[in-house]
>>> print(open('structure15.txt').read())   # compact mmCIF, C-alpha atoms
# COMPACT_ATOMS: atom_id res chain seq x y z
CA MET A 1 0.00 0.00 0.00
CA ALA A 2 1.15 3.47 -0.84
CA GLY A 3 -0.51 6.75 -0.13
CA VAL A 4 -2.26 8.66 -2.88
CA THR A 5 -3.56 12.22 -3.04
CA LEU A 6 -6.61 12.89 -5.17
CA TYR A 7 -8.75 15.92 -5.96
CA ARG A 8 -12.41 16.29 -6.69
CA GLY A 9 -14.61 19.20 -7.71
CA GLN A 10 -18.26 19.49 -6.75
CA LYS A 11 -20.91 22.16 -6.46
CA VAL A 12 -22.13 21.51 -2.95
CA TRP A 13 -20.33 20.26 0.10
CA ASP A 14 -20.77 20.05 3.82
CA GLU A 15 -18.76 18.16 6.36
CA ALA A 16 -21.48 15.62 7.09
CA MET A 17 -22.39 14.72 3.55
CA ASP A 18 -21.83 11.33 1.95
CA ILE A 19 -19.75 11.66 -1.18
CA SER A 20 -21.12 8.76 -3.16
CA ALA A 21 -20.91 7.24 -6.63
CA PRO A 22 -23.40 8.28 -9.32
CA THR A 23 -25.06 4.86 -9.33
CA LEU A 24 -25.81 5.16 -5.63
CA ARG A 25 -27.56 8.44 -6.40
CA SER A 26 -29.50 7.08 -9.36
CA ALA A 27 -33.22 7.69 -9.35
CA TYR A 28 -33.80 4.93 -11.87
CA MET A 29 -32.54 1.73 -10.29
CA PRO A 30 -34.78 -0.23 -7.92
CA ASP A 31 -31.90 -1.19 -5.61
CA VAL A 32 -28.97 1.16 -6.04
CA VAL A 33 -26.79 -0.69 -3.53
CA ALA A 34 -27.13 -4.05 -5.24
CA TYR A 35 -26.78 -2.41 -8.64
CA THR A 36 -23.59 -0.62 -7.60
CA ASP A 37 -22.10 -3.78 -6.08
CA THR A 38 -22.90 -5.69 -9.26
CA LEU A 39 -21.15 -3.14 -11.44
CA LEU A 40 -18.08 -3.22 -9.21
CA LEU A 41 -18.00 -7.00 -9.44
CA LEU A 42 -18.27 -6.73 -13.20
CA VAL A 43 -15.37 -4.30 -13.49
CA ASP A 44 -13.21 -6.39 -11.16
CA GLY A 45 -14.06 -9.49 -13.16
CA LEU A 46 -13.25 -7.84 -16.47
CA MET A 47 -9.91 -6.62 -15.16
CA ALA A 48 -9.02 -10.04 -13.78
CA ARG A 49 -9.92 -11.77 -17.05
CA ALA A 50 -8.14 -9.11 -19.11
CA ASP A 51 -5.06 -9.50 -16.94
CA GLY A 52 -5.28 -13.21 -17.70
CA GLY A 53 -5.15 -12.55 -21.44
CA ASP A 54 -8.84 -12.80 -22.33
CA ALA A 55 -9.22 -10.63 -25.46
CA ALA A 56 -13.00 -10.35 -25.18
CA ALA A 57 -12.71 -9.16 -21.59
CA ARG A 58 -10.11 -6.64 -22.64
CA ARG A 59 -12.45 -5.24 -25.27
CA ASP A 60 -15.34 -5.12 -22.84
CA LEU A 61 -13.12 -3.43 -20.30
CA GLU A 62 -12.22 -0.74 -22.83
CA ASN A 63 -15.88 0.02 -23.42
CA LYS A 64 -16.72 -0.19 -19.76
CA LEU A 65 -14.05 2.35 -18.76
CA LEU A 66 -15.23 4.84 -21.39
CA GLY A 67 -18.85 4.20 -20.50
CA MET A 68 -18.25 4.82 -16.82
CA GLN A 69 -16.66 8.18 -17.63
CA GLN A 70 -19.51 9.28 -19.89
CA LEU A 71 -22.62 7.73 -18.36
CA SER A 72 -23.57 8.35 -14.76
CA TYR A 73 -25.78 5.27 -14.51
CA GLU A 74 -22.76 3.14 -15.43
CA ASN A 75 -20.40 4.60 -12.86
CA PRO A 76 -20.15 2.94 -9.42
CA TYR A 77 -17.12 5.05 -8.51
CA VAL A 78 -16.72 8.51 -7.03
CA SER A 79 -14.84 10.40 -9.73
CA CYS A 80 -11.61 12.01 -8.60
CA SER A 81 -8.50 13.18 -10.38
CA ARG A 82 -4.82 13.21 -9.71
CA SER A 83 -4.88 16.69 -11.24
CA THR A 84 -5.82 19.73 -9.20
CA SER A 85 -6.64 21.72 -12.31
CA THR A 86 -9.09 19.09 -13.57
CA ALA A 87 -10.86 18.95 -10.23
CA ARG A 88 -10.93 22.74 -10.10
CA SER A 89 -12.53 22.89 -13.55
CA PHE A 90 -15.31 20.60 -12.32
CA ALA A 91 -15.74 22.67 -9.16
CA THR A 92 -16.16 25.79 -11.27
CA GLY A 93 -18.10 24.09 -14.09
CA GLY A 94 -20.71 26.40 -15.55
CA ASP A 95 -18.56 29.32 -14.42
CA THR A 96 -19.95 29.35 -10.90
CA PRO A 97 -18.13 28.77 -7.60
CA GLY A 98 -17.74 25.29 -6.17
CA TYR A 99 -15.73 23.16 -3.83
CA LEU A 100 -12.32 21.64 -4.42
CA LEU A 101 -11.70 18.60 -2.23
CA GLN A 102 -8.34 17.06 -1.40
CA ILE A 103 -8.63 13.37 -0.57
CA THR A 104 -5.94 11.00 0.60
CA GLY A 105 -6.06 7.23 0.59
CA ASP A 106 -4.59 3.96 -0.60
CA ASP A 107 -3.41 3.82 -4.21
CA GLN A 108 -4.52 0.17 -4.46
CA ALA A 109 -8.08 0.83 -3.31
CA GLY A 110 -9.25 2.98 -6.20
CA LEU A 111 -9.59 2.46 -9.93
CA ASP A 112 -6.83 4.29 -11.78
CA TYR A 113 -8.32 4.58 -15.27
CA GLU A 114 -5.16 5.61 -17.06
CA ALA A 115 -3.01 2.98 -15.34
CA VAL A 116 -5.46 0.26 -16.40
CA ARG A 117 -5.56 1.60 -19.95
CA THR A 118 -1.80 1.76 -20.15
CA ARG A 119 -1.50 -1.79 -18.86
CA HIS A 120 -3.87 -3.10 -21.52
CA GLY A 121 -3.24 -0.66 -24.38
CA LEU A 122 -6.79 0.68 -24.39
CA THR A 123 -8.07 3.81 -26.10
CA ARG A 124 -8.93 6.82 -23.98
CA ASP A 125 -10.30 9.63 -26.22
CA SER A 126 -10.23 13.04 -24.65
CA VAL A 127 -11.28 11.82 -21.21
CA LYS A 128 -7.63 10.88 -20.74
CA TYR A 129 -7.10 14.46 -19.63
CA LEU A 130 -9.27 13.84 -16.62
CA ASP A 131 -6.51 11.64 -15.14
CA GLU A 132 -9.34 10.01 -13.28
CA VAL A 133 -9.18 7.75 -10.27
CA GLY A 134 -12.43 6.24 -9.04
CA ILE A 135 -13.19 5.52 -5.40
CA PRO A 136 -15.63 2.61 -5.16
CA ARG A 137 -19.07 3.38 -3.72
CA LYS A 138 -18.28 6.39 -1.59
CA VAL A 139 -15.49 8.32 0.06
CA ALA A 140 -14.79 6.21 3.15
CA ALA A 141 -11.81 4.42 4.71
CA PRO A 142 -9.11 4.14 3.49
CA PHE A 143 -10.01 7.44 1.80
CA THR A 144 -10.41 10.64 3.77
CA VAL A 145 -11.24 14.21 2.84
CA VAL A 146 -8.35 16.19 4.27
CA ALA A 147 -9.00 19.67 2.91
CA VAL A 148 -11.74 21.61 1.13
CA TRP A 149 -11.56 24.99 -0.58
CA LEU A 150 -14.33 27.14 -1.95
CA VAL A 151 -13.05 28.16 -5.37
CA ASP A 152 -14.35 30.86 -7.67
CA PRO A 153 -13.74 31.05 -11.41
CA THR A 154 -13.60 34.84 -11.32
CA PRO A 155 -10.05 35.97 -11.99
CA GLY A 156 -8.40 37.40 -8.93
CA VAL A 157 -10.73 35.79 -6.41
CA ALA A 158 -8.68 33.78 -3.93
CA ASP A 159 -9.56 30.28 -2.78
CA ILE A 160 -11.12 30.08 0.68
CA GLU A 161 -10.21 27.12 2.85
CA VAL A 162 -13.43 25.87 4.44
CA TYR A 163 -12.09 22.63 5.90
CA PRO A 164 -10.38 21.93 8.18
CA GLY A 165 -9.56 25.57 8.75
CA GLY A 166 -13.01 27.09 8.06
CA MET B 1 -4.95 17.99 -36.57
CA ALA B 2 -5.37 14.50 -35.24
CA SER B 3 -4.33 11.51 -37.29
CA PRO B 4 -6.87 9.25 -39.02
CA ASP B 5 -6.14 6.65 -36.37
CA ASP B 6 -7.10 9.11 -33.68
CA PHE B 7 -10.38 9.84 -35.41
CA LEU B 8 -11.02 6.16 -35.80
CA ARG B 9 -10.53 5.48 -32.13
CA TRP B 10 -12.46 8.54 -31.15
CA SER B 11 -15.41 7.71 -33.32
CA LEU B 12 -15.54 4.11 -32.32
CA SER B 13 -14.29 4.47 -28.77
CA SER B 14 -12.13 1.47 -29.35
CA ARG B 15 -8.58 0.62 -30.22
CA ASP B 16 -9.40 -3.02 -30.58
CA VAL B 17 -11.19 -3.01 -33.90
CA GLU B 18 -11.09 -5.55 -36.66
CA PRO B 19 -11.28 -4.97 -40.41
CA VAL B 20 -14.45 -5.69 -42.27
CA ALA B 21 -13.62 -7.88 -45.23
CA GLY B 22 -14.73 -6.93 -48.68
CA LEU B 23 -15.49 -3.28 -48.23
CA VAL B 24 -14.86 -1.26 -51.32
CA THR B 25 -12.15 1.25 -50.63
CA ALA B 26 -11.86 3.08 -53.93
CA PRO B 27 -10.89 6.70 -53.39
CA GLY B 28 -13.22 9.46 -54.39
CA ILE B 29 -16.45 7.61 -53.79
CA ASP B 30 -19.47 9.69 -52.85
CA PRO B 31 -19.83 9.50 -49.04
CA ASP B 32 -23.61 9.12 -49.42
CA LEU B 33 -23.13 6.03 -51.50
CA LEU B 34 -20.50 4.74 -49.17
CA ILE B 35 -22.65 5.08 -46.13
CA HIS B 36 -25.65 3.65 -47.91
CA SER B 37 -23.69 0.61 -48.98
CA LEU B 38 -22.19 0.19 -45.56
CA GLY B 39 -25.60 0.47 -44.01
CA GLU B 40 -26.86 -2.31 -46.24
CA ARG B 41 -23.85 -4.47 -45.66
CA LEU B 42 -23.56 -4.11 -41.96
CA ALA B 43 -27.09 -3.59 -40.87
CA PRO B 44 -29.49 -5.00 -43.46
CA VAL B 45 -32.57 -4.19 -41.47
CA THR B 46 -35.06 -1.41 -41.61
CA LEU B 47 -34.71 0.97 -38.77
CA SER B 48 -38.29 1.37 -37.75
CA ARG B 49 -37.81 3.07 -34.44
CA PRO B 50 -35.22 5.78 -33.86
CA TRP B 51 -34.65 4.61 -30.33
CA PHE B 52 -31.23 6.07 -30.02
CA LEU B 53 -32.26 9.60 -30.82
CA PRO B 54 -32.86 11.94 -27.92
CA SER B 55 -36.23 13.49 -27.49
CA TYR B 56 -35.09 16.76 -28.96
CA ALA B 57 -34.38 15.15 -32.32
CA THR B 58 -36.79 15.23 -35.16
CA VAL B 59 -38.33 11.85 -35.71
CA PRO B 60 -36.86 10.34 -38.84
CA ASP B 61 -39.36 9.53 -41.52
CA VAL B 62 -38.01 6.28 -42.79
CA ALA B 63 -40.71 6.10 -45.45
CA ALA B 64 -39.77 9.37 -47.04
CA ARG B 65 -37.68 9.47 -50.14
CA PRO B 66 -34.14 10.62 -49.50
CA ASP B 67 -34.59 13.58 -51.81
CA ASP B 68 -37.35 14.89 -49.57
CA LEU B 69 -35.17 14.89 -46.52
CA LEU B 70 -32.55 17.21 -45.23
CA GLY B 71 -29.81 14.66 -45.47
CA PRO B 72 -28.50 11.58 -43.79
CA LEU B 73 -27.06 12.33 -40.47
CA ALA B 74 -27.16 9.98 -37.58
CA LEU B 75 -24.96 6.96 -37.89
CA ASP B 76 -25.21 4.72 -34.92
CA ALA B 77 -21.62 3.76 -35.17
CA ARG B 78 -21.40 1.02 -32.64
CA LEU B 79 -23.04 -0.71 -29.78
CA SER B 80 -20.15 0.05 -27.56
CA LEU B 81 -21.25 -1.85 -24.50
CA GLU B 82 -21.13 -5.10 -26.40
CA GLY B 83 -17.94 -4.45 -28.26
CA CYS B 84 -19.47 -4.68 -31.68
CA ALA B 85 -20.39 -2.11 -34.22
CA ALA B 86 -22.85 -1.22 -36.87
CA ILE B 87 -23.68 1.68 -39.05
CA TYR B 88 -27.29 2.64 -39.15
CA LEU B 89 -28.35 5.21 -41.60
CA THR B 90 -31.21 7.33 -40.53
CA TRP B 91 -32.59 10.73 -41.32
CA ALA B 92 -32.74 13.35 -38.72
CA ARG B 93 -31.63 16.76 -37.75
CA PRO B 94 -31.71 18.57 -34.46
CA ARG B 95 -35.03 20.23 -33.86
CA LEU B 96 -33.90 23.77 -33.45
CA ALA B 97 -36.42 26.49 -32.75
CA PRO B 98 -35.58 29.84 -34.33
CA GLY B 99 -33.13 31.59 -32.07
CA ALA B 100 -32.36 28.46 -30.10
CA PHE B 101 -28.67 29.03 -30.54
CA ALA B 102 -28.57 32.64 -29.53
CA GLY B 103 -29.01 34.80 -26.48
CA PRO B 104 -31.12 33.69 -23.52
CA ALA B 105 -32.36 30.51 -25.20
CA LEU B 106 -28.81 29.39 -25.72
CA ALA B 107 -27.83 30.11 -22.14
CA ALA B 108 -30.96 28.41 -20.80
CA SER B 109 -30.03 25.15 -22.46
CA PHE B 110 -26.55 25.03 -21.00
CA GLY B 111 -26.04 21.66 -19.35
CA ALA B 112 -29.73 20.83 -19.66
CA ASP B 113 -29.06 17.10 -19.93
CA ALA B 114 -27.09 17.15 -16.71
CA VAL B 115 -29.28 19.31 -14.50
CA GLU B 116 -32.06 16.87 -13.82
CA ALA B 117 -31.75 13.15 -13.24
CA VAL B 118 -31.65 11.75 -16.73
CA ALA B 119 -32.96 8.32 -17.58
CA PRO B 120 -30.25 5.84 -18.55
CA GLU B 121 -31.59 5.43 -22.07
CA VAL B 122 -31.42 9.18 -22.63
CA GLU B 123 -27.86 9.32 -21.35
CA LEU B 124 -26.89 6.44 -23.59
CA ALA B 125 -28.66 8.05 -26.54
CA GLY B 126 -26.62 11.20 -26.11
CA TYR B 127 -23.38 9.26 -25.86
CA ARG B 128 -24.10 7.18 -28.95
CA LEU B 129 -25.25 10.17 -30.90
CA MET B 130 -22.02 11.94 -30.02
CA LEU B 131 -20.00 9.04 -31.40
CA ALA B 132 -22.20 8.90 -34.47
CA ALA B 133 -21.83 12.61 -35.06
CA PHE B 134 -18.07 12.29 -34.82
CA LEU B 135 -18.27 9.77 -37.62
CA GLY B 136 -20.79 11.84 -39.56
CA SER B 137 -18.50 14.84 -39.43
CA LEU B 138 -15.82 12.75 -41.10
CA ALA B 139 -18.26 12.08 -43.91
CA GLY B 140 -18.58 15.81 -44.40
CA TYR B 141 -22.09 16.29 -43.12
CA GLU B 142 -22.45 19.79 -41.83
CA ALA B 143 -25.48 18.62 -39.88
CA ALA B 144 -23.20 16.42 -37.82
CA TRP B 145 -21.69 19.58 -36.42
CA ASP B 146 -25.21 20.84 -35.66
CA TRP B 147 -25.68 17.72 -33.56
CA LEU B 148 -22.39 18.22 -31.85
CA ARG B 149 -23.41 21.79 -31.03
CA VAL B 150 -26.63 20.52 -29.46
CA LEU B 151 -24.90 17.78 -27.52
CA LEU B 152 -22.14 20.14 -26.45
CA LEU B 153 -24.56 22.76 -25.20
CA ARG B 154 -26.82 20.36 -23.31
CA GLY B 155 -24.28 17.85 -22.18
CA PRO B 156 -22.70 17.04 -18.86
CA LEU B 157 -19.15 18.22 -18.36
CA ASN B 158 -17.41 15.06 -19.58
CA ARG B 159 -19.36 15.13 -22.83
CA GLN B 160 -18.54 18.80 -23.26
CA LEU B 161 -14.87 17.96 -22.80
CA SER B 162 -15.02 15.17 -25.38
CA ILE B 163 -16.79 17.24 -28.03
CA MET B 164 -14.58 20.27 -27.56
CA GLY B 165 -11.57 17.96 -27.63
CA PHE B 166 -12.74 16.33 -30.84
CA ALA B 167 -13.40 19.69 -32.48
CA ALA B 168 -10.02 20.99 -31.39
CA ALA B 169 -8.30 17.88 -32.75
CA ALA B 170 -10.19 18.30 -36.01
CA GLY B 171 -9.16 21.93 -36.26
CA SER B 172 -12.84 22.88 -36.28
CA LEU B 173 -13.27 24.98 -33.17
CA PRO B 174 -14.83 28.35 -34.04
CA PRO B 175 -12.57 31.37 -33.66
CA ALA B 176 -14.99 32.72 -31.03
CA VAL B 177 -13.77 30.07 -28.61
CA GLU B 178 -10.77 31.39 -26.79
CA GLY B 179 -8.38 29.70 -24.46
CA PHE B 180 -9.75 26.16 -24.54
CA ASP B 181 -7.41 23.92 -22.58
CA GLU B 182 -7.91 20.26 -23.41
CA GLU B 183 -6.76 19.31 -19.95
CA ALA B 184 -9.74 20.88 -18.23
CA VAL B 185 -13.44 20.83 -18.88
CA PRO B 186 -14.46 23.83 -20.98
CA SER B 187 -15.89 26.81 -19.21
CA ARG B 188 -19.48 27.87 -19.64
CA ARG B 189 -18.29 30.87 -21.59
CA GLN B 190 -16.36 28.65 -24.00
CA VAL B 191 -19.24 26.22 -24.47
CA LEU B 192 -21.71 29.03 -25.16
CA ALA B 193 -19.28 30.61 -27.60
CA ALA B 194 -18.80 27.31 -29.41
CA ALA B 195 -22.45 26.29 -29.46
CA GLY B 196 -23.61 29.74 -30.48
CA SER B 197 -21.09 30.21 -33.24
CA THR B 198 -21.78 29.68 -36.88
CA GLY B 199 -18.07 29.79 -37.55
CA TRP B 200 -17.41 26.08 -37.22
CA GLU B 201 -14.83 24.88 -39.67
CA THR B 202 -16.51 21.86 -41.15
CA LEU B 203 -14.13 19.08 -41.96
CA VAL B 204 -13.54 18.59 -45.64
CA PRO B 205 -15.50 15.49 -46.60
CA SER B 206 -12.97 12.74 -46.50
CA PRO B 207 -14.03 9.39 -47.91
CA GLU B 208 -10.56 8.07 -47.25
CA LEU B 209 -10.75 9.06 -43.62
CA LEU B 210 -14.21 7.61 -43.37
CA PHE B 211 -13.08 4.40 -45.01
CA GLN B 212 -10.37 4.06 -42.47
CA ALA B 213 -12.87 4.62 -39.73
CA VAL B 214 -15.47 2.18 -40.95
CA ASP B 215 -12.85 -0.37 -41.91
CA GLY B 216 -12.52 -0.98 -38.23
CA LEU B 217 -16.17 -1.75 -37.66
CA ARG B 218 -17.06 -5.25 -36.73
CA PRO B 219 -19.66 -6.88 -38.95
CA GLU B 220 -21.28 -9.10 -36.38
CA SER B 221 -23.28 -6.28 -34.95
CA THR B 222 -26.54 -6.80 -33.20
CA ILE B 223 -28.75 -4.21 -31.69
>>> encode(input="structure15.txt", output="structure tokens")
Amino acid sequence: MAGVTLYRGQKVWDEAMDISAPTLRSAYMPDVVAYTDTLLLLVDGLMARADGGDAAARRDLENKLLGMQQLSYENPYVSCSRSTSTARSFATGGDTPGYLLQITGDDQAGLDYEAVRTRHGLTRDSVKYLDEVGIPRKVAAPFTVVAVWLVDPTPGVADIEVYPGG
Amino acid sequence: MASPDDFLRWSLSSRDVEPVAGLVTAPGIDPDLLIHSLGERLAPVTLSRPWFLPSYATVPDVAARPDDLLGPLALDARLSLEGCAAIYLTWARPRLAPGAFAGPALAASFGADAVEAVAPEVELAGYRLMLAAFLGSLAGYEAAWDWLRVLLLRGPLNRQLSIMGFAAAAGSLPPAVEGFDEEAVPSRRQVLAAAGSTGWETLVPSPELLFQAVDGLRPESTI
């Protein structure tokens, strides 16, 4: 296990909130917990079979990774990035203020999209720039939110630390 | 300008594509004929229900004669979740009210597909249509860029990033878009400038490029 530092941008935040995967927030699935667990099993299975040399699994994995980054109902991971600037651009998406979260955790416990793609030679279209790492289900041990800033896209407006210093 | 291989992978969302045997690859062929023949070869069924079109699309009239229509546009390039591909030829254009791409109407549509909880089939429709429009733009259909403008304007941030990235790679971003950084999602200002601009540099129709793209499609498609 090695430590990893990730960033995430979001529009609302408070200290008590659950930061959960899109599938857990879906309004369309009858049992979001079972659905999310099933998707995670599927991704783990595809990666294991692809690692074992299964070409069909590798192809499915390629589609699954792209699908998870484009379709919220496919994504059982909390989207984070290794890049501060990417997370900041999500926080300020739509040109309004938002929250930039710094999260630390275990580099083996998340899904590192680009590492998996590199390992298997998979295509990444422009979502490669997201440098995305997914935290399964929700931000919980071994992942911890260690700092949060309120960030504003207006030039010259300084970030405001709201956690833990707020 | 991205390479043909980049466009291929972008359009199909796959590196792992296999050639389709027997496709004619003569240069200079009319893209309409190419797509028509590919549609017959790869998907010899009548598309009776435009299930992959979002609700804001016009409903294709499959019974109409091609000459009566505005032009072929939507190519459902692949069924990505199952790793196979098809080209479906259909007839549709974005349903754009007058003024929809200007002023308050433009701004009001920003991120519309991401604001409310969107049904999975609608999300998937938008994703597939984006891929199809990438391919359509390679065939030289200006209407493909109309679709990309709609999808860009209404889309969630990741889709906005992909479309702006594709347009930048194609050298088609309108001059009104300033400072787009491919490593970050585009700002609202940039998206509105892109979606509201009529200055899109349409790709020169490129049968060769399209051939290379469709050469990678797998023939065993099912939908």
>>> closest_atom_pairs(input="structure15.txt", of="chain A", to="chain B", cutoff="9 Å", atoms="all atoms listed in the file", output="tab-separated table")
residue	atom	partner	partner_atom	distance
A:Ser26	CA	B:Ala117	CA	7.5
A:Ala27	CA	B:Ala117	CA	6.9
A:Tyr28	CA	B:Ala119	CA	6.7
A:Ala56	CA	B:Gly83	CA	8.3
A:Arg58	CA	B:Asp16	CA	8.8
A:Arg59	CA	B:Gly83	CA	6.3
A:Asp60	CA	B:Gly83	CA	6.0
A:Glu62	CA	B:Ser14	CA	6.9
A:Asn63	CA	B:Leu81	CA	5.8
A:Lys64	CA	B:Leu81	CA	6.8
A:Leu66	CA	B:Ser13	CA	7.4
A:Gly67	CA	B:Leu81	CA	7.6
A:Gln69	CA	B:Asn158	CA	7.2
A:Gln70	CA	B:Asn158	CA	6.2
A:Leu71	CA	B:Glu123	CA	6.2
A:Ser72	CA	B:Glu123	CA	7.9
A:Tyr73	CA	B:Pro120	CA	6.1
A:Glu74	CA	B:Pro120	CA	8.6
A:Ser85	CA	B:Ala184	CA	6.7
A:Thr86	CA	B:Ala184	CA	5.0
A:Ala87	CA	B:Ala184	CA	8.3
A:Arg88	CA	B:Ala184	CA	8.4
A:Ser89	CA	B:Val185	CA	5.8
A:Phe90	CA	B:Val185	CA	6.8
A:Thr92	CA	B:Ser187	CA	8.0
A:Gly93	CA	B:Ser187	CA	6.2
A:Gly94	CA	B:Arg188	CA	4.5
A:Asp95	CA	B:Arg188	CA	5.5
A:Thr96	CA	B:Arg188	CA	8.9
A:Gly121	CA	B:Arg15	CA	8.0
A:Leu122	CA	B:Arg15	CA	6.1
A:Thr123	CA	B:Arg15	CA	5.2
A:Arg124	CA	B:Ser13	CA	7.6
A:Asp125	CA	B:Trp10	CA	5.5
A:Ser126	CA	B:Ser162	CA	5.3
A:Val127	CA	B:Ser162	CA	6.5
A:Lys128	CA	B:Glu183	CA	8.5
A:Tyr129	CA	B:Glu183	CA	4.9
A:Leu130	CA	B:Glu183	CA	6.9
>>> residues_around(input="structure15.txt", residues="Pro175 (chain B)", least_positions_apart="2", cutoff="12 Å", atoms="all atoms listed in the file", output="tab-separated table (two decimals) with C-alpha atoms, in the frame of the given file")
chain	number	residue	atom	x	y	z
B	167	ALA	CA	-13.40	19.69	-32.48
B	168	ALA	CA	-10.02	20.99	-31.39
B	171	GLY	CA	-9.16	21.93	-36.26
B	172	SER	CA	-12.84	22.88	-36.28
B	173	LEU	CA	-13.27	24.98	-33.17
B	177	VAL	CA	-13.77	30.07	-28.61
B	178	GLU	CA	-10.77	31.39	-26.79
B	179	GLY	CA	-8.38	29.70	-24.46
B	180	PHE	CA	-9.75	26.16	-24.54
B	190	GLN	CA	-16.36	28.65	-24.00
B	193	ALA	CA	-19.28	30.61	-27.60
B	194	ALA	CA	-18.80	27.31	-29.41
B	195	ALA	CA	-22.45	26.29	-29.46
B	196	GLY	CA	-23.61	29.74	-30.48
B	197	SER	CA	-21.09	30.21	-33.24
B	198	THR	CA	-21.78	29.68	-36.88
B	199	GLY	CA	-18.07	29.79	-37.55
B	200	TRP	CA	-17.41	26.08	-37.22
B	201	GLU	CA	-14.83	24.88	-39.67
>>> closest_residue(input="structure15.txt", among="A:Pro30, A:Val116, A:Leu24, A:Tyr99", to="Ala48 (chain A)", atoms="only C-alpha atoms")
A:Val116
>>> atom_distance(input="structure15.txt", atom1="CA of Gly9 (chain A)", atom2="CA of Gly98 (chain A)")
7.0 Å
>>> residues_around(input="structure15.txt", residues="Asp14 (chain A)", least_positions_apart="6", cutoff="10 Å", atoms="all atoms listed in the file", output="PyMOL selection string")
chain A and resi 99+148+162-163
>>> atom_distance(input="structure15.txt", atom1="CA of Cys80 (chain A)", atom2="CA of Leu148 (chain B)")
26.4 Å
>>> atom_distance(input="structure15.txt", atom1="CA of Ala107 (chain B)", atom2="CA of Trp13 (chain A)")
25.5 Å
>>> closest_residue(input="structure15.txt", among="A:Val151, A:Ala141, A:Arg119, A:Ser81", to="Leu61 (chain A)", atoms="only C-alpha atoms")
A:Arg119
>>> closest_residue(input="structure15.txt", among="A:Ala34, A:Leu46, A:Val157, A:Ile19", to="Thr144 (chain A)", atoms="only C-alpha atoms")
A:Ile19
>>> build_atoms(input="structure15.txt", residues="region 99-111 of chain A", atoms="N, CA and C atoms", output="compact mmCIF listing (two decimals), in the coordinates of the input")
# COMPACT_ATOMS: atom_id res chain seq x y z
N TYR A 99 -16.65 23.63 -4.85
CA TYR A 99 -15.73 23.16 -3.83
C TYR A 99 -14.67 22.24 -4.43
N LEU A 100 -13.45 22.48 -4.03
CA LEU A 100 -12.32 21.64 -4.42
C LEU A 100 -11.91 20.81 -3.21
N LEU A 101 -12.01 19.49 -3.34
CA LEU A 101 -11.70 18.60 -2.23
C LEU A 101 -10.35 17.94 -2.45
N GLN A 102 -9.57 17.85 -1.38
CA GLN A 102 -8.34 17.06 -1.40
C GLN A 102 -8.59 15.80 -0.57
N ILE A 103 -8.30 14.67 -1.19
CA ILE A 103 -8.63 13.37 -0.57
C ILE A 103 -7.36 12.53 -0.56
N THR A 104 -7.09 11.92 0.56
CA THR A 104 -5.94 11.00 0.60
C THR A 104 -6.45 9.59 0.84
N GLY A 105 -5.63 8.62 0.42
CA GLY A 105 -6.06 7.23 0.59
C GLY A 105 -4.99 6.26 0.12
N ASP A 106 -5.46 5.07 -0.21
CA ASP A 106 -4.59 3.96 -0.60
C ASP A 106 -4.61 3.84 -2.12
N ASP A 107 -3.44 3.84 -2.74
CA ASP A 107 -3.41 3.82 -4.21
C ASP A 107 -3.85 2.48 -4.79
N GLN A 108 -4.02 1.46 -3.96
CA GLN A 108 -4.52 0.17 -4.46
C GLN A 108 -6.03 0.04 -4.31
N ALA A 109 -6.66 0.98 -3.63
CA ALA A 109 -8.08 0.83 -3.31
C ALA A 109 -9.00 1.50 -4.31
N GLY A 110 -8.43 2.32 -5.21
CA GLY A 110 -9.25 2.98 -6.20
C GLY A 110 -9.00 2.40 -7.59
N LEU A 111 -9.78 2.88 -8.54
CA LEU A 111 -9.59 2.46 -9.93
C LEU A 111 -8.86 3.59 -10.68
